[in-house]
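Colleague: Before I ask anything, let me first share the structure, which is written out below as structure tokens.
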Amino acid sequence: MSGSGSIFISAGDPSADFPGKNLIDEIKRACPEIEIPGLGGPLMQEAGLQPLADHKKLAVLGFWEVIPRCFFFRRLLEQSVNLIKEKRPKAVILIDYPGFNLRLAARVKPLGIPIIYYISPQIWAWGGKRIRTIRELVDLMLVIFPFEEKFYKKRGIAARFTGHPIMDRFESVPDKKTCREKVAPGMDGKIITLLPGSRIQEVKRMLPVMADSTEIIRQKINNVRFIVAAVESIGTEIYAKIIGGREITIVSGKTPEAICASDLVITSSGTATIEAAYFTRPMIVIYKTGFLTYRIARRLIKLDSIGMVNIVAGRNIVPELIQRKATASSIASHAVEILQNQSRYDKIIRELQQVRDKLGSGNAGRRAFDAVQELVPLC
């Protein structure tokens, strides 16, 4: 097939795999013969993406942590640019992953190929320093939070709110009782689900303190059970080693069911907070990273909150425990207070429902495709 029959898509974060897959599904439904080379995870590949690299090598978190991989990403950037020059795709679609994707956009822009960015970099959290770059490089921003559309339009950048992909991802998840039977058969009492993140770096940083907190919570609350939602790409032996002899059930590849089954979620910041909001599950958000990465981030980040659920709400509706404050005792204290204070528990649920209502009505992939097709007819 000639280059005119292709579109290049670049997505490196695990959380982008589902929205990327939905977008590819829509592209393939309308244009079944189109080629889609690029970067993405297993769901995107099953939908038709022709991968340039092993998706497991793409997910790197933090400033300092990416340095050992810089030569890999430099080669991958060159490989991507060369392929784009060769195929001359109708468009380049970038999904999140700003550290790599904005560099790719800078190399593609002189080629005159339209650039669409789906799932915005959180430049509103970084003081807007990247806004000039976005304005110069990106032809259309497709955003998943309504406040982002206003943010970009106010700064002279074309933007379209597609709705959050999560509204499509979990629509088939059954009710709480059925979920409990799937992930915790025979368990009674309260269930607390631990979500330490989707990258191995996150799991190694977040899970130890989460696991430690379970021992304190057990001393305060009778008949409580714990589940850790494991990511399939991370071996369960890693989770088991961190958990040690603690009574925590490892559930792999069933994150939505594990959240649905829970009464409370202890989660790393990021997409997981929105996932918990979808199910209106009260949560505690924690964030721990390397010292150097944290110091750099504190200088750059301009927001008071780090949890997306609190950012969307415009206020802290669930507790956030960052870096040194993310201790086992502080996590346990908040967990016990939320579970034993029914009025607060109910209030959090009501506020999470308001957050969910802001995420759109579904069909985000279709809305994203329609916006792309309006800008660049693909077939």
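Chains: A, B, ... in order of the structure tokens. Residues: from 1 per chain. Ligands: from 1, in order shown.
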Mind listing the helix (DSSP H, G or I) residues of stretch 25-157 of chain A, per DSSP on the backbone, as a PyMOL selection string?
Modeller: chain A and resi 25-30+42-47+55-57+64-87+98-111+131-137+146-154
Colleague: Leaving out stretch 92-102 of chain A and any residue of its chain fewer than 4 positions from it, which residues lie within 6 Å of it when counting only C-alpha atoms, given as a PDB file with N, CA and C atoms, in the first residue's frame?
Modeller:
```pdb
ATOM      1  N   PHE A   8       0.139   7.167  11.172  1.00  0.00           N
ATOM      2  CA  PHE A   8       1.109   6.786  12.196  1.00  0.00           C
ATOM      3  C   PHE A   8       0.541   7.160  13.562  1.00  0.00           C
ATOM      4  N   ILE A   9       0.583   6.213  14.508  1.00  0.00           N
ATOM      5  CA  ILE A   9       0.091   6.467  15.863  1.00  0.00           C
ATOM      6  C   ILE A   9       1.205   6.144  16.858  1.00  0.00           C
ATOM      7  N   SER A  10       1.420   7.045  17.822  1.00  0.00           N
ATOM      8  CA  SER A  10       2.460   6.852  18.831  1.00  0.00           C
ATOM      9  C   SER A  10       1.865   6.946  20.230  1.00  0.00           C
ATOM     10  N   ALA A  11       1.900   5.812  20.961  1.00  0.00           N
ATOM     11  CA  ALA A  11       1.417   5.753  22.341  1.00  0.00           C
ATOM     12  C   ALA A  11       2.371   4.879  23.138  1.00  0.00           C
ATOM     13  N   GLY A  12       2.923   5.390  24.225  1.00  0.00           N
ATOM     14  CA  GLY A  12       3.897   4.622  24.994  1.00  0.00           C
ATOM     15  C   GLY A  12       3.436   4.210  26.375  1.00  0.00           C
ATOM     16  N   ILE A 115      -0.671  16.902  12.513  1.00  0.00           N
ATOM     17  CA  ILE A 115      -0.367  16.285  13.803  1.00  0.00           C
ATOM     18  C   ILE A 115      -1.569  16.474  14.725  1.00  0.00           C
ATOM     19  N   ILE A 116      -2.110  15.360  15.195  1.00  0.00           N
ATOM     20  CA  ILE A 116      -3.233  15.374  16.140  1.00  0.00           C
ATOM     21  C   ILE A 116      -2.738  14.789  17.457  1.00  0.00           C
ATOM     22  N   TYR A 117      -3.074  15.448  18.552  1.00  0.00           N
ATOM     23  CA  TYR A 117      -2.664  14.960  19.881  1.00  0.00           C
ATOM     24  C   TYR A 117      -3.904  14.514  20.640  1.00  0.00           C
ATOM     25  N   TYR A 118      -3.964  13.229  20.962  1.00  0.00           N
ATOM     26  CA  TYR A 118      -5.101  12.648  21.682  1.00  0.00           C
ATOM     27  C   TYR A 118      -4.660  12.313  23.102  1.00  0.00           C
ATOM     28  N   ILE A 119      -5.403  12.797  24.072  1.00  0.00           N
ATOM     29  CA  ILE A 119      -5.086  12.712  25.502  1.00  0.00           C
ATOM     30  C   ILE A 119      -3.938  13.673  25.797  1.00  0.00           C
ATOM     31  N   SER A 120      -4.296  14.815  26.235  1.00  0.00           N
ATOM     32  CA  SER A 120      -3.376  15.940  26.384  1.00  0.00           C
ATOM     33  C   SER A 120      -2.262  15.686  27.393  1.00  0.00           C
ATOM     34  N   PRO A 121      -1.045  16.162  27.073  1.00  0.00           N
ATOM     35  CA  PRO A 121      -0.038  16.262  28.127  1.00  0.00           C
ATOM     36  C   PRO A 121      -0.575  17.211  29.196  1.00  0.00           C
TER      37      PRO A 121
END
```
Colleague: How many Å lie between atom CA of A:Pro146 and atom CA of A:Thr273, rounded to one decimal?
Modeller: 17.0 Å
Colleague: If you count only C-alpha atoms, which residues fall within 8 Å of stretch 215-229 of chain A, apart from same-chain ones fewer than 3 positions away, as a list in words?
Modeller: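 Skipping anything fewer than 3 positions along the chain leaves Met187, Asp188, Gly189, Lys190, Ile191, Ile192, Thr193, Leu194, Leu195, Pro196, Ala211, Asp212, Arg246, Glu247, Ile248, Thr249, Ile250, Val251, Ser252, Gly253, Lys254, Thr255, Ala258, Ala328, Ser329, Ala332, Ser333, Ala335 and Val336 of chain A.
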Colleague: Write the residues of the preceding selection, restricted to C-alpha atoms, as a PDB file, in the first residue's frame.
Modeller:
```pdb
ATOM      1  CA  MET A 187     -14.779 -13.331  51.155  1.00  0.00           C
ATOM      2  CA  ASP A 188     -17.053 -11.477  53.543  1.00  0.00           C
ATOM      3  CA  GLY A 189     -16.605  -8.189  55.343  1.00  0.00           C
ATOM      4  CA  LYS A 190     -14.971  -5.047  53.929  1.00  0.00           C
ATOM      5  CA  ILE A 191     -12.689  -5.304  50.902  1.00  0.00           C
ATOM      6  CA  ILE A 192      -9.864  -2.834  50.316  1.00  0.00           C
ATOM      7  CA  THR A 193      -8.204  -2.906  46.895  1.00  0.00           C
ATOM      8  CA  LEU A 194      -4.599  -1.800  46.437  1.00  0.00           C
ATOM      9  CA  LEU A 195      -3.684  -0.190  43.087  1.00  0.00           C
ATOM     10  CA  PRO A 196       0.095   0.370  43.116  1.00  0.00           C
ATOM     11  CA  ALA A 211       1.179  -3.573  52.156  1.00  0.00           C
ATOM     12  CA  ASP A 212       2.533  -2.261  55.473  1.00  0.00           C
ATOM     13  CA  ARG A 246       0.867 -10.738  54.558  1.00  0.00           C
ATOM     14  CA  GLU A 247      -2.684 -11.887  53.905  1.00  0.00           C
ATOM     15  CA  ILE A 248      -3.256 -10.036  50.633  1.00  0.00           C
ATOM     16  CA  THR A 249      -4.879 -11.689  47.618  1.00  0.00           C
ATOM     17  CA  ILE A 250      -3.184 -11.060  44.255  1.00  0.00           C
ATOM     18  CA  VAL A 251      -5.678 -10.641  41.418  1.00  0.00           C
ATOM     19  CA  SER A 252      -4.045 -10.379  37.985  1.00  0.00           C
ATOM     20  CA  GLY A 253      -5.648  -8.858  34.898  1.00  0.00           C
ATOM     21  CA  LYS A 254      -8.928  -7.964  36.635  1.00  0.00           C
ATOM     22  CA  THR A 255      -8.373  -4.411  37.803  1.00  0.00           C
ATOM     23  CA  ALA A 258     -11.134  -5.582  41.808  1.00  0.00           C
ATOM     24  CA  ALA A 328       1.791   3.118  56.413  1.00  0.00           C
ATOM     25  CA  SER A 329       0.396   4.796  59.519  1.00  0.00           C
ATOM     26  CA  ALA A 332      -4.148   3.363  57.668  1.00  0.00           C
ATOM     27  CA  SER A 333      -5.414   6.357  59.626  1.00  0.00           C
ATOM     28  CA  ALA A 335      -8.618   4.310  55.667  1.00  0.00           C
ATOM     29  CA  VAL A 336     -10.021   3.662  59.122  1.00  0.00           C
TER      30      VAL A 336
END
```
Colleague: Write out as a PDB file with C-alpha atoms, in the first residue's frame all residues of stretch 140-321 of chain A that DSSP puts in strand (DSSP E or B) for this structure's backbone.
Modeller:
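So result.pdb came out as:
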```
ATOM      1  CA  LEU A 140      -5.687  19.580  16.842  1.00  0.00           C
ATOM      2  CA  MET A 141      -5.856  18.600  20.518  1.00  0.00           C
ATOM      3  CA  LEU A 142      -8.342  15.872  21.432  1.00  0.00           C
ATOM      4  CA  VAL A 143      -8.886  16.097  25.189  1.00  0.00           C
ATOM      5  CA  ALA A 159      -9.291  21.529  20.793  1.00  0.00           C
ATOM      6  CA  ARG A 160     -12.180  19.061  20.992  1.00  0.00           C
ATOM      7  CA  PHE A 161     -13.535  17.316  24.098  1.00  0.00           C
ATOM      8  CA  LYS A 190     -14.971  -5.047  53.929  1.00  0.00           C
ATOM      9  CA  ILE A 191     -12.689  -5.304  50.902  1.00  0.00           C
ATOM     10  CA  ILE A 192      -9.864  -2.834  50.316  1.00  0.00           C
ATOM     11  CA  THR A 193      -8.204  -2.906  46.895  1.00  0.00           C
ATOM     12  CA  LEU A 194      -4.599  -1.800  46.437  1.00  0.00           C
ATOM     13  CA  LEU A 195      -3.684  -0.190  43.087  1.00  0.00           C
ATOM     14  CA  VAL A 224     -11.385  -6.669  56.486  1.00  0.00           C
ATOM     15  CA  ARG A 225      -9.851  -8.260  53.386  1.00  0.00           C
ATOM     16  CA  PHE A 226      -7.206  -6.933  50.995  1.00  0.00           C
ATOM     17  CA  ILE A 227      -6.723  -7.381  47.249  1.00  0.00           C
ATOM     18  CA  VAL A 228      -3.873  -6.101  45.110  1.00  0.00           C
ATOM     19  CA  ALA A 229      -4.774  -5.538  41.459  1.00  0.00           C
ATOM     20  CA  ALA A 230      -1.770  -6.881  39.536  1.00  0.00           C
ATOM     21  CA  THR A 249      -4.879 -11.689  47.618  1.00  0.00           C
ATOM     22  CA  ILE A 250      -3.184 -11.060  44.255  1.00  0.00           C
ATOM     23  CA  VAL A 251      -5.678 -10.641  41.418  1.00  0.00           C
ATOM     24  CA  SER A 252      -4.045 -10.379  37.985  1.00  0.00           C
ATOM     25  CA  LEU A 264     -12.253   1.392  49.603  1.00  0.00           C
ATOM     26  CA  VAL A 265      -9.321   1.814  47.223  1.00  0.00           C
ATOM     27  CA  ILE A 266      -5.738   2.730  48.106  1.00  0.00           C
ATOM     28  CA  THR A 267      -4.240   3.906  44.831  1.00  0.00           C
ATOM     29  CA  SER A 268      -1.265   5.556  43.224  1.00  0.00           C
ATOM     30  CA  MET A 283     -10.110   6.202  47.843  1.00  0.00           C
ATOM     31  CA  ILE A 284      -6.806   7.310  49.300  1.00  0.00           C
ATOM     32  CA  VAL A 285      -4.287   8.617  46.771  1.00  0.00           C
ATOM     33  CA  ILE A 286      -0.576   8.164  47.385  1.00  0.00           C
ATOM     34  CA  TYR A 287       2.471   9.237  45.428  1.00  0.00           C
ATOM     35  CA  GLU A 320      -3.660  12.699  49.031  1.00  0.00           C
ATOM     36  CA  LEU A 321      -0.475  11.482  50.725  1.00  0.00           C
TER      37      LEU A 321
END
```
Colleague: Excluding stretch 359-376 of chain A and its own-chain neighbours fewer than 3 positions away, which residues fall within 7 Å of it when counting only C-alpha atoms? Please give them as number ranges by chain.
Modeller: A: 19, 22-23, 26-27, 142, 145, 162-165, 167-168, 356
Colleague: Would you save the residues of that selection, restricted to C-alpha atoms, as a PDB file, in the first residue's frame?
Modeller:
```pdb
ATOM      1  CA  PRO A  19      -8.135   4.519  24.137  1.00  0.00           C
ATOM      2  CA  ASN A  22     -10.737   2.177  20.485  1.00  0.00           C
ATOM      3  CA  LEU A  23      -9.490   4.822  18.071  1.00  0.00           C
ATOM      4  CA  GLU A  26     -12.964   3.209  14.529  1.00  0.00           C
ATOM      5  CA  ILE A  27     -10.303   3.938  11.901  1.00  0.00           C
ATOM      6  CA  LEU A 142      -8.342  15.872  21.432  1.00  0.00           C
ATOM      7  CA  PHE A 145     -11.502  16.344  30.404  1.00  0.00           C
ATOM      8  CA  THR A 162     -14.095  13.644  23.225  1.00  0.00           C
ATOM      9  CA  GLY A 163     -15.124  12.378  26.640  1.00  0.00           C
ATOM     10  CA  HIS A 164     -13.053  10.043  28.791  1.00  0.00           C
ATOM     11  CA  PRO A 165     -12.297   6.559  27.376  1.00  0.00           C
ATOM     12  CA  MET A 167     -16.759   5.538  30.100  1.00  0.00           C
ATOM     13  CA  ASP A 168     -16.429   2.889  27.376  1.00  0.00           C
ATOM     14  CA  ARG A 356     -18.003  10.842  36.902  1.00  0.00           C
TER      15      ARG A 356
END
```
